$ cat start38.cif   # mmCIF, C-alpha atoms
data_protein
#
loop_
_atom_site.group_PDB
_atom_site.id
_atom_site.type_symbol
_atom_site.label_atom_id
_atom_site.label_comp_id
_atom_site.auth_asym_id
_atom_site.auth_seq_id
_atom_site.Cartn_x
_atom_site.Cartn_y
_atom_site.Cartn_z
ATOM 1 C CA MET Z 1 37.781 68.605 96.910
ATOM 2 C CA ASP Z 2 34.889 66.401 95.914
ATOM 3 C CA LYS Z 3 35.936 62.769 96.285
ATOM 4 C CA SER Z 4 32.983 61.443 94.366
ATOM 5 C CA MET Z 5 33.086 60.174 90.835
ATOM 6 C CA ASP Z 6 30.169 61.171 88.667
ATOM 7 C CA GLY Z 7 31.348 59.311 85.549
ATOM 8 C CA THR Z 8 32.656 62.345 83.655
ATOM 9 C CA ASN Z 9 36.225 63.312 82.898
ATOM 10 C CA HIS Z 10 37.145 66.473 84.840
ATOM 11 C CA SER Z 11 40.775 66.318 83.718
ATOM 12 C CA MET Z 12 42.637 69.606 84.025
ATOM 13 C CA VAL Z 13 46.017 67.966 83.437
ATOM 14 C CA SER Z 14 47.226 68.445 79.869
ATOM 15 C CA GLU Z 15 50.558 66.619 80.271
ATOM 16 C CA PHE Z 16 52.496 64.312 82.557
ATOM 17 C CA VAL Z 17 56.117 64.636 83.622
ATOM 18 C CA PHE Z 18 58.432 61.610 83.784
ATOM 19 C CA LEU Z 19 61.133 61.426 86.442
ATOM 20 C CA GLY Z 20 63.068 59.071 84.173
ATOM 21 C CA LEU Z 21 65.663 56.552 85.271
ATOM 22 C CA SER Z 22 68.506 58.725 86.558
ATOM 23 C CA ASN Z 23 69.743 62.313 86.859
ATOM 24 C CA SER Z 24 73.399 61.288 86.618
ATOM 25 C CA TRP Z 25 74.962 62.336 83.297
ATOM 26 C CA GLU Z 26 77.224 59.275 83.244
ATOM 27 C CA ILE Z 27 74.332 56.871 83.803
ATOM 28 C CA GLN Z 28 72.226 58.732 81.239
ATOM 29 C CA LEU Z 29 75.022 58.315 78.683
ATOM 30 C CA VAL Z 30 75.237 54.574 79.372
ATOM 31 C CA LEU Z 31 71.453 54.272 79.125
ATOM 32 C CA PHE Z 32 71.406 56.205 75.856
ATOM 33 C CA VAL Z 33 74.063 54.012 74.248
ATOM 34 C CA PHE Z 34 72.567 50.805 75.667
ATOM 35 C CA SER Z 35 68.983 51.669 74.670
ATOM 36 C CA SER Z 36 69.826 53.004 71.212
ATOM 37 C CA MET Z 37 72.041 50.044 70.351
ATOM 38 C CA PHE Z 38 69.536 47.401 71.425
ATOM 39 C CA TYR Z 39 66.564 49.271 69.935
ATOM 40 C CA VAL Z 40 68.198 49.393 66.505
ATOM 41 C CA ALA Z 41 69.354 45.772 66.844
ATOM 42 C CA SER Z 42 65.851 44.721 67.911
ATOM 43 C CA MET Z 43 64.209 46.474 64.957
ATOM 44 C CA MET Z 44 66.698 44.958 62.520
ATOM 45 C CA GLY Z 45 66.571 41.478 64.069
ATOM 46 C CA ASN Z 46 62.790 41.206 64.233
ATOM 47 C CA SER Z 47 62.382 42.741 60.773
ATOM 48 C CA LEU Z 48 64.851 40.139 59.504
ATOM 49 C CA VAL Z 49 62.764 37.332 61.019
ATOM 50 C CA VAL Z 50 59.535 38.665 59.441
ATOM 51 C CA LEU Z 51 61.138 39.176 56.015
ATOM 52 C CA THR Z 52 62.914 35.805 56.103
ATOM 53 C CA VAL Z 53 59.688 33.932 56.888
ATOM 54 C CA ALA Z 54 57.843 35.849 54.149
ATOM 55 C CA TRP Z 55 60.654 35.377 51.597
ATOM 56 C CA ASP Z 56 61.601 31.702 52.040
ATOM 57 C CA PHE Z 57 58.841 29.256 51.026
ATOM 58 C CA HIS Z 58 60.510 26.552 53.169
ATOM 59 C CA LEU Z 59 59.305 28.524 56.204
ATOM 60 C CA HIS Z 60 55.693 28.814 55.049
ATOM 61 C CA SER Z 61 54.378 26.638 57.876
ATOM 62 C CA PRO Z 62 52.146 27.335 60.917
ATOM 63 C CA MET Z 63 55.103 27.461 63.315
ATOM 64 C CA TYR Z 64 56.940 30.133 61.340
ATOM 65 C CA PHE Z 65 53.743 32.033 60.570
ATOM 66 C CA LEU Z 66 53.254 32.415 64.328
ATOM 67 C CA LEU Z 67 56.936 33.227 64.824
ATOM 68 C CA ALA Z 68 56.775 36.025 62.232
ATOM 69 C CA ASN Z 69 53.756 37.484 64.024
ATOM 70 C CA LEU Z 70 55.592 37.298 67.366
ATOM 71 C CA SER Z 71 58.483 39.243 65.823
ATOM 72 C CA PHE Z 72 55.988 41.799 64.480
ATOM 73 C CA ILE Z 73 54.585 42.173 68.002
ATOM 74 C CA ASP Z 74 58.125 42.744 69.322
ATOM 75 C CA LEU Z 75 58.606 45.430 66.676
ATOM 76 C CA CYS Z 76 55.419 47.115 67.892
ATOM 77 C CA ILE Z 77 56.264 47.044 71.614
ATOM 78 C CA SER Z 78 59.741 48.446 70.915
ATOM 79 C CA SER Z 79 58.293 51.270 68.830
ATOM 80 C CA VAL Z 80 55.659 52.239 71.423
ATOM 81 C CA ILE Z 81 58.094 52.959 74.266
ATOM 82 C CA SER Z 82 61.766 52.962 73.197
ATOM 83 C CA PRO Z 83 61.868 56.015 70.842
ATOM 84 C CA LYS Z 84 60.227 58.253 73.452
ATOM 85 C CA MET Z 85 62.481 56.898 76.210
ATOM 86 C CA ILE Z 86 65.663 57.414 74.156
ATOM 87 C CA ASN Z 87 64.567 60.918 73.129
ATOM 88 C CA ASP Z 88 63.909 61.873 76.772
ATOM 89 C CA ILE Z 89 67.122 60.555 78.351
ATOM 90 C CA PHE Z 90 69.054 63.851 78.169
ATOM 91 C CA ARG Z 91 66.021 66.116 78.504
ATOM 92 C CA ILE Z 92 65.744 68.041 81.756
ATOM 93 C CA ARG Z 93 61.949 68.051 81.550
ATOM 94 C CA LYS Z 94 60.534 64.802 80.237
ATOM 95 C CA VAL Z 95 56.871 65.291 79.328
ATOM 96 C CA ILE Z 96 54.114 63.471 77.510
ATOM 97 C CA SER Z 97 50.667 64.812 76.648
ATOM 98 C CA PHE Z 98 47.573 63.412 78.344
ATOM 99 C CA GLY Z 99 46.408 61.899 75.069
ATOM 100 C CA GLY Z 100 49.864 60.514 74.359
ATOM 101 C CA CYS Z 101 49.950 58.889 77.793
ATOM 102 C CA ILE Z 102 46.555 57.233 77.273
ATOM 103 C CA ALA Z 103 47.589 56.067 73.791
ATOM 104 C CA GLN Z 104 50.811 54.585 75.173
ATOM 105 C CA ILE Z 105 48.905 52.660 77.860
ATOM 106 C CA PHE Z 106 46.390 51.449 75.280
ATOM 107 C CA PHE Z 107 49.019 50.063 72.904
ATOM 108 C CA ILE Z 108 51.163 48.577 75.702
ATOM 109 C CA HIS Z 109 48.268 46.516 77.014
ATOM 110 C CA VAL Z 110 46.936 45.586 73.576
ATOM 111 C CA ILE Z 111 50.339 44.343 72.437
ATOM 112 C CA GLY Z 112 51.053 42.693 75.789
ATOM 113 C CA GLY Z 113 47.721 40.873 75.681
ATOM 114 C CA VAL Z 114 48.271 39.766 72.088
ATOM 115 C CA GLU Z 115 51.748 38.422 72.884
ATOM 116 C CA MET Z 116 50.488 36.436 75.885
ATOM 117 C CA VAL Z 117 47.794 34.748 73.798
ATOM 118 C CA LEU Z 118 50.186 34.260 70.876
ATOM 119 C CA LEU Z 119 52.699 32.470 73.106
ATOM 120 C CA ILE Z 120 49.907 30.149 74.287
ATOM 121 C CA VAL Z 121 48.945 29.511 70.649
ATOM 122 C CA MET Z 122 52.590 28.702 69.855
ATOM 123 C CA ALA Z 123 52.633 26.217 72.752
ATOM 124 C CA PHE Z 124 49.498 24.597 71.323
ATOM 125 C CA ASP Z 125 51.182 24.480 67.901
ATOM 126 C CA ARG Z 126 54.188 22.631 69.383
ATOM 127 C CA TYR Z 127 51.865 20.248 71.249
ATOM 128 C CA VAL Z 128 50.073 19.249 68.029
ATOM 129 C CA ALA Z 129 53.337 19.032 66.050
ATOM 130 C CA ILE Z 130 55.117 16.832 68.618
ATOM 131 C CA CYS Z 131 52.277 14.801 70.153
ATOM 132 C CA LYS Z 132 49.932 14.480 67.149
ATOM 133 C CA PRO Z 133 52.181 14.860 64.076
ATOM 134 C CA LEU Z 134 49.826 13.006 61.699
ATOM 135 C CA HIS Z 135 47.046 15.515 62.396
ATOM 136 C CA TYR Z 136 49.292 18.600 62.487
ATOM 137 C CA LEU Z 137 48.482 20.097 59.064
ATOM 138 C CA THR Z 138 44.789 19.352 59.551
ATOM 139 C CA VAL Z 139 44.552 20.949 62.991
ATOM 140 C CA MET Z 140 46.943 23.851 62.330
ATOM 141 C CA SER Z 141 45.546 24.736 58.917
ATOM 142 C CA GLN Z 142 46.011 28.186 57.404
ATOM 143 C CA LYS Z 143 42.453 29.086 58.347
ATOM 144 C CA MET Z 144 42.986 27.958 61.956
ATOM 145 C CA CYS Z 145 46.203 29.995 62.221
ATOM 146 C CA ILE Z 146 44.418 33.130 61.002
ATOM 147 C CA VAL Z 147 41.511 32.525 63.391
ATOM 148 C CA LEU Z 148 43.877 32.060 66.353
ATOM 149 C CA LEU Z 149 45.838 35.169 65.383
ATOM 150 C CA GLY Z 150 42.623 37.179 65.089
ATOM 151 C CA ALA Z 151 41.469 35.872 68.473
ATOM 152 C CA SER Z 152 44.731 36.980 70.079
ATOM 153 C CA TRP Z 153 44.233 40.548 68.780
ATOM 154 C CA ILE Z 154 40.604 40.620 69.927
ATOM 155 C CA ILE Z 155 41.570 39.415 73.411
ATOM 156 C CA GLY Z 156 44.382 41.995 73.543
ATOM 157 C CA LEU Z 157 41.968 44.784 72.587
ATOM 158 C CA ILE Z 158 39.403 43.683 75.172
ATOM 159 C CA HIS Z 159 42.104 43.438 77.854
ATOM 160 C CA SER Z 160 43.294 46.989 77.134
ATOM 161 C CA VAL Z 161 39.943 48.714 76.583
ATOM 162 C CA THR Z 162 38.272 47.287 79.699
ATOM 163 C CA GLN Z 163 41.043 48.686 81.907
ATOM 164 C CA LEU Z 164 41.290 52.060 80.170
ATOM 165 C CA ALA Z 165 37.510 52.501 80.352
ATOM 166 C CA PHE Z 166 37.816 53.015 84.114
ATOM 167 C CA ALA Z 167 40.887 55.254 83.920
ATOM 168 C CA MET Z 168 39.376 57.581 81.311
ATOM 169 C CA LYS Z 169 36.556 58.491 83.721
ATOM 170 C CA LEU Z 170 38.917 59.577 86.506
ATOM 171 C CA PRO Z 171 39.544 63.287 87.237
ATOM 172 C CA PHE Z 172 43.214 64.357 86.980
ATOM 173 C CA CYS Z 173 43.292 67.846 88.436
ATOM 174 C CA GLY Z 174 46.677 68.362 90.052
ATOM 175 C CA PRO Z 175 49.622 65.962 90.448
ATOM 176 C CA ASN Z 176 51.182 65.050 87.098
ATOM 177 C CA VAL Z 177 54.590 63.515 87.938
ATOM 178 C CA LEU Z 178 55.155 59.849 87.047
ATOM 179 C CA ASP Z 179 58.117 58.044 88.627
ATOM 180 C CA SER Z 180 58.834 56.202 85.395
ATOM 181 C CA PHE Z 181 59.925 56.677 81.782
ATOM 182 C CA TYR Z 182 56.630 55.554 80.244
ATOM 183 C CA CYS Z 183 52.924 55.569 81.069
ATOM 184 C CA ASP Z 184 51.245 52.593 82.692
ATOM 185 C CA LEU Z 185 48.001 52.244 84.596
ATOM 186 C CA PRO Z 186 49.309 51.551 88.143
ATOM 187 C CA GLU Z 187 51.337 54.790 88.207
ATOM 188 C CA LEU Z 188 48.673 56.828 86.400
ATOM 189 C CA LEU Z 189 45.892 55.841 88.817
ATOM 190 C CA LYS Z 190 47.884 57.231 91.754
ATOM 191 C CA LEU Z 191 47.644 60.730 90.246
ATOM 192 C CA ALA Z 192 43.837 60.823 90.123
ATOM 193 C CA CYS Z 193 42.076 63.305 92.409
ATOM 194 C CA VAL Z 194 39.904 60.595 93.954
ATOM 195 C CA ASP Z 195 40.492 57.509 96.050
ATOM 196 C CA THR Z 196 41.536 54.833 93.533
ATOM 197 C CA TYR Z 197 42.661 52.131 95.965
ATOM 198 C CA LYS Z 198 40.035 49.634 94.777
ATOM 199 C CA LEU Z 199 40.706 50.401 91.121
ATOM 200 C CA GLU Z 200 44.473 50.092 91.628
ATOM 201 C CA PHE Z 201 43.942 46.745 93.338
ATOM 202 C CA MET Z 202 41.696 45.573 90.493
ATOM 203 C CA VAL Z 203 44.180 46.605 87.783
ATOM 204 C CA THR Z 204 47.144 45.043 89.607
ATOM 205 C CA ALA Z 205 45.207 41.872 90.381
ATOM 206 C CA ASN Z 206 43.927 41.637 86.812
ATOM 207 C CA ASN Z 207 47.344 42.077 85.184
ATOM 208 C CA GLY Z 208 49.071 39.945 87.790
ATOM 209 C CA PHE Z 209 46.509 37.162 87.481
ATOM 210 C CA VAL Z 210 46.646 37.201 83.671
ATOM 211 C CA SER Z 211 50.463 37.198 83.646
ATOM 212 C CA VAL Z 212 50.928 34.503 86.297
ATOM 213 C CA GLY Z 213 48.022 32.420 84.966
ATOM 214 C CA SER Z 214 49.282 32.503 81.374
ATOM 215 C CA PHE Z 215 52.824 31.729 82.502
ATOM 216 C CA PHE Z 216 51.761 28.640 84.448
ATOM 217 C CA ILE Z 217 49.527 27.468 81.592
ATOM 218 C CA LEU Z 218 52.523 27.649 79.270
ATOM 219 C CA ILE Z 219 54.958 25.941 81.636
ATOM 220 C CA ILE Z 220 52.468 23.137 82.393
ATOM 221 C CA SER Z 221 51.828 22.747 78.654
ATOM 222 C CA TYR Z 222 55.525 22.358 77.882
ATOM 223 C CA ILE Z 223 56.020 19.917 80.766
ATOM 224 C CA PHE Z 224 53.070 17.862 79.495
ATOM 225 C CA ILE Z 225 54.545 17.812 75.976
ATOM 226 C CA LEU Z 226 57.934 16.608 77.252
ATOM 227 C CA ILE Z 227 56.369 13.903 79.423
ATOM 228 C CA THR Z 228 54.295 12.718 76.463
ATOM 229 C CA VAL Z 229 57.381 12.530 74.238
ATOM 230 C CA TRP Z 230 59.430 10.665 76.831
ATOM 231 C CA GLN Z 231 56.642 8.105 77.248
ATOM 232 C CA HIS Z 232 56.483 7.361 73.533
ATOM 233 C CA SER Z 233 60.051 7.757 72.341
ATOM 234 C CA SER Z 234 63.248 8.191 74.304
ATOM 235 C CA SER Z 235 65.132 9.095 71.119
ATOM 236 C CA GLY Z 236 62.679 11.877 70.310
ATOM 237 C CA SER Z 237 62.938 13.548 73.694
ATOM 238 C CA SER Z 238 66.212 15.285 72.894
ATOM 239 C CA LYS Z 239 64.785 16.724 69.670
ATOM 240 C CA ALA Z 240 61.652 17.873 71.498
ATOM 241 C CA LEU Z 241 63.760 19.444 74.233
ATOM 242 C CA SER Z 242 65.812 21.296 71.625
ATOM 243 C CA THR Z 243 62.659 22.589 69.941
ATOM 244 C CA LEU Z 244 60.894 23.573 73.146
ATOM 245 C CA SER Z 245 63.900 25.132 74.873
ATOM 246 C CA THR Z 246 63.742 28.080 72.483
ATOM 247 C CA HIS Z 247 60.052 28.646 73.220
ATOM 248 C CA ILE Z 248 60.565 28.278 76.981
ATOM 249 C CA MET Z 249 63.385 30.858 76.963
ATOM 250 C CA VAL Z 250 61.150 33.386 75.178
ATOM 251 C CA VAL Z 251 58.288 32.688 77.606
ATOM 252 C CA ILE Z 252 60.538 33.304 80.626
ATOM 253 C CA LEU Z 253 61.994 36.481 79.088
ATOM 254 C CA PHE Z 254 58.519 37.891 78.425
ATOM 255 C CA PHE Z 255 56.633 36.819 81.547
ATOM 256 C CA GLY Z 256 59.442 37.285 84.080
ATOM 257 C CA PRO Z 257 59.438 41.111 83.991
ATOM 258 C CA CYS Z 258 55.614 41.261 83.607
ATOM 259 C CA ILE Z 259 55.042 39.139 86.701
ATOM 260 C CA PHE Z 260 57.595 41.159 88.679
ATOM 261 C CA ILE Z 261 56.086 44.528 87.669
ATOM 262 C CA TYR Z 262 52.500 43.602 88.528
ATOM 263 C CA THR Z 263 53.085 41.476 91.641
ATOM 264 C CA TRP Z 264 56.160 42.971 93.365
ATOM 265 C CA PRO Z 265 55.119 45.404 96.136
ATOM 266 C CA GLN Z 266 58.004 47.872 95.603
ATOM 267 C CA PRO Z 267 56.973 50.053 92.623
ATOM 268 C CA THR Z 268 60.225 52.068 92.592
ATOM 269 C CA SER Z 269 62.100 49.088 91.152
ATOM 270 C CA HIS Z 270 59.516 48.476 88.416
ATOM 271 C CA LYS Z 271 60.941 50.990 85.966
ATOM 272 C CA TYR Z 272 64.384 49.357 86.020
ATOM 273 C CA VAL Z 273 62.867 45.957 85.262
ATOM 274 C CA ALA Z 274 60.749 47.595 82.544
ATOM 275 C CA VAL Z 275 63.940 48.728 80.760
ATOM 276 C CA PHE Z 276 64.917 45.082 80.393
ATOM 277 C CA ASP Z 277 61.433 44.157 79.187
ATOM 278 C CA VAL Z 278 61.129 47.012 76.692
ATOM 279 C CA VAL Z 279 64.676 47.245 75.322
ATOM 280 C CA LEU Z 280 66.399 43.896 75.758
ATOM 281 C CA THR Z 281 63.661 41.257 75.522
ATOM 282 C CA PRO Z 282 62.525 42.053 71.924
ATOM 283 C CA PHE Z 283 66.177 41.894 70.804
ATOM 284 C CA LEU Z 284 66.838 38.612 72.622
ATOM 285 C CA ASN Z 285 63.690 37.063 71.152
ATOM 286 C CA SER Z 286 64.931 37.686 67.603
ATOM 287 C CA VAL Z 287 68.399 36.373 68.457
ATOM 288 C CA ILE Z 288 67.050 33.231 70.140
ATOM 289 C CA TYR Z 289 64.719 32.357 67.283
ATOM 290 C CA THR Z 290 67.342 33.143 64.628
ATOM 291 C CA PHE Z 291 70.517 31.552 65.982
ATOM 292 C CA ARG Z 292 68.962 28.642 67.895
ATOM 293 C CA ASN Z 293 66.782 27.545 64.981
ATOM 294 C CA LYS Z 294 68.387 25.417 62.265
ATOM 295 C CA ASP Z 295 65.693 26.169 59.666
ATOM 296 C CA MET Z 296 66.018 29.922 60.204
ATOM 297 C CA LYS Z 297 69.811 29.773 59.815
ATOM 298 C CA MET Z 298 69.482 27.746 56.612
ATOM 299 C CA ALA Z 299 66.896 30.196 55.274
ATOM 300 C CA LEU Z 300 69.200 33.134 56.009
ATOM 301 C CA ARG Z 301 72.022 31.380 54.135
ATOM 302 C CA ARG Z 302 69.733 30.797 51.140
ATOM 303 C CA ILE Z 303 68.667 34.446 51.125
ATOM 304 C CA CYS Z 304 72.270 35.648 51.364
ATOM 305 C CA SER Z 305 73.327 33.350 48.524
ATOM 306 C CA GLN Z 306 70.399 34.529 46.382
ATOM 307 C CA LEU Z 307 71.251 38.168 47.059
ATOM 308 C CA PHE Z 308 74.879 37.448 46.151
ATOM 309 C CA VAL Z 309 73.813 35.842 42.869
ATOM 310 C CA TYR Z 310 71.505 38.772 42.077
ATOM 311 C CA ARG Z 311 74.320 41.200 42.793
ATOM 312 C CA ARG Z 312 76.735 39.346 40.496
ATOM 313 C CA ILE Z 313 74.124 39.220 37.720
ATOM 314 C CA SER Z 314 73.476 42.964 38.113
ATOM 315 C CA GLU Z 315 77.206 43.685 37.890
ATOM 316 C CA MET Z 316 77.510 41.545 34.745
ATOM 317 C CA ILE Z 317 74.560 43.330 33.122
ATOM 318 C CA LYS Z 318 76.150 46.706 33.872
ATOM 319 C CA VAL Z 319 79.421 45.552 32.282
ATOM 320 C CA LEU Z 320 77.587 44.364 29.169
#
$ encode --input "start38.cif" --output "structure tokens"
Amino acid sequence: MDKSMDGTNHSMVSEFVFLGLSNSWEIQLVLFVFSSMFYVASMMGNSLVVLTVAWDFHLHSPMYFLLANLSFIDLCISSVISPKMINDIFRIRKVISFGGCIAQIFFIHVIGGVEMVLLIVMAFDRYVAICKPLHYLTVMSQKMCIVLLGASWIIGLIHSVTQLAFAMKLPFCGPNVLDSFYCDLPELLKLACVDTYKLEFMVTANNGFVSVGSFFILIISYIFILITVWQHSSSGSSKALSTLSTHIMVVILFFGPCIFIYTWPQPTSHKYVAVFDVVLTPFLNSVIYTFRNKDMKMALRRICSQLFVYRRISEMIKVL
């Protein structure tokens, strides 16, 4: 077999086979119930956040604009992996086409990159709101929010395309079994018919560096915000802590599994951590931002009351 790479795609593999999470029927049943329940709850919860922010004019602020976009991102990441995973749980042969595998990797890394940048933007938003409140609406204007959101998507696209550009040139001419339930670059590179050690190291180092680097930037940012608040107002520190605790919880939930997957040397445990990241984290994000946020709870009450009034008016019109 020729171990050289001439820059063309010699792929003879038309599909990849997933080993999945377990062959035990009992465990598969638990996984099916667990995954289906949290997937539906995640879709409903994040859709509720997006619709609530769009519906209630009290939430038309930079903070909630960014929050609605974060919920949209969570909707996307759930839809890229969860439906396929749930559909495959009871299948004896779990397969995905070569094109489908590449598409899944592309969207995973685009959305992951966008969410990392968006979380950093949300930290910057909290810094301006808490440390420079008089300049908040000037700095975080509607135009600035749109620019920052656009930048996050551009960075996510660049992050994904640059990595896939190398993988697309690799020849896949034999092995096609992935010890996972979804496609990702580290596992895919191992199936190439050439020595990909350097490329695997580059991909792992790149993703690990981006994940760890972004995580530390966020944690340092939040620590700096709290220190600044404590120095200026002891009474305001508790309010700042309450506001930031929600953001910090979401950051830990997102970056924890990412850092583990791309830095932990035992790849066999990655897929079990990925279940948490794909199924549970998007649901928890919507719950945290909905039930730990006073403005969101008040907005939900207003929407429910408005819907109740509309329903009563509709019933009265029908009677008349």
$ resolve_selection --input "start38.cif" --expression "the PyMOL selection byres ((chain Z and resi 50) around 8)" --output "compact mmCIF listing (two decimals) with C-alpha atoms, keeping the file's coordinate frame"
# COMPACT_ATOMS: atom_id res chain seq x y z
CA ASN Z 46 62.79 41.21 64.23
CA SER Z 47 62.38 42.74 60.77
CA LEU Z 48 64.85 40.14 59.50
CA VAL Z 49 62.76 37.33 61.02
CA LEU Z 51 61.14 39.18 56.02
CA THR Z 52 62.91 35.80 56.10
CA VAL Z 53 59.69 33.93 56.89
CA ALA Z 54 57.84 35.85 54.15
CA ALA Z 68 56.78 36.02 62.23
CA ASN Z 69 53.76 37.48 64.02
CA SER Z 71 58.48 39.24 65.82
CA PHE Z 72 55.99 41.80 64.48
$ resolve_selection --input "start38.cif" --expression "the PyMOL selection byres ((chain Z and resi 160) around 9)" --output "list in words"
Ile105, Phe106, Phe107, Ile108, His109, Val110, Ile111, Gly112, Gly113, Ile155, Gly156, Leu157, Ile158, His159, Val161, Thr162, Gln163, Leu164 and Ala165 of chain Z
$ resolve_selection --input "start38.cif" --expression "the PyMOL selection byres ((chain Z and resi 88) around 12)" --output "VMD selection string"
chain Z and resid 17 to 23 28 to 29 31 to 32 35 81 to 87 89 to 96 180 to 182
$ residues_near_point --input "start38.cif" --point "(65.9, 45.8, 63.8)" --cutoff "12 Å" --atoms "all atoms listed in the file" --output "count of residues only"
30
$ atom_distance --input "start38.cif" --atom1 "CA of Thr290 in chain Z" --atom2 "CA of Val147 in chain Z"
25.9 Å
$ residues_around --input "start38.cif" --residues "Thr263 in chain Z" --least-positions-apart "2" --cutoff "12 Å" --atoms "only C-alpha atoms" --output "list in words"
Pro186, Phe201, Val203, Thr204, Ala205, Asn206, Asn207, Gly208, Phe209, Val210, Ser211, Val212, Phe255, Gly256, Pro257, Cys258, Ile259, Phe260, Ile261, Pro265, Gln266, Pro267, Ser269 and His270 of chain Z
$ closest_residue --input "start38.cif" --among "Z:Ser152, Z:Ile27, Z:Val13, Z:Lys169" --to "Gly99 in chain Z" --atoms "only C-alpha atoms"
Z:Val13
$ closest_residue --input "start38.cif" --among "Z:Phe65, Z:Phe98, Z:Leu191, Z:Val251" --to "Lys143 in chain Z" --atoms "all atoms listed in the file"
Z:Phe65
$ closest_residue --input "start38.cif" --among "Z:Ser14, Z:Gln231, Z:Gln306, Z:Thr196" --to "Ser97 in chain Z" --atoms "all atoms listed in the file"
Z:Ser14
$ atom_distance --input "start38.cif" --atom1 "CA of Ala151 in chain Z" --atom2 "CA of Tyr64 in chain Z"
18.0 Å
$ closest_residue --input "start38.cif" --among "Z:Asn176, Z:Ser61, Z:Thr281, Z:Gln104" --to "Ala192 in chain Z" --atoms "all atoms listed in the file"
Z:Asn176
$ closest_residue --input "start38.cif" --among "Z:Met12, Z:Pro133, Z:Val128, Z:Met140" --to "Pro62 in chain Z" --atoms "all atoms listed in the file"
Z:Met140
$ atom_distance --input "start38.cif" --atom1 "CA of Arg292 in chain Z" --atom2 "CA of Thr246 in chain Z"
7.0 Å
$ closest_residue --input "start38.cif" --among "Z:Leu300, Z:Ser141, Z:Lys271, Z:Val114" --to "Trp153 in chain Z" --atoms "only C-alpha atoms"
Z:Val114
$ residues_near_point --input "start38.cif" --point "(42.9, 63.6, 89.7)" --cutoff "10 Å" --atoms "only C-alpha atoms" --output "list in words"
Lys3, Asn9, His10, Ser11, Met12, Val13, Leu170, Pro171, Phe172, Cys173, Gly174, Pro175, Asn176, Leu188, Leu189, Lys190, Leu191, Ala192, Cys193, Val194, Asp195 and Thr196 of chain Z
$ axis_aligned_box --input "start38.cif" --around "range 271-276 of chain Z" --padding-each-side "6 Å" --output "AutoDock Vina command-line options"
--center_x 62.8 --center_y 48.0 --center_z 83.2 --size_x 16.2 --size_y 17.9 --size_z 17.6
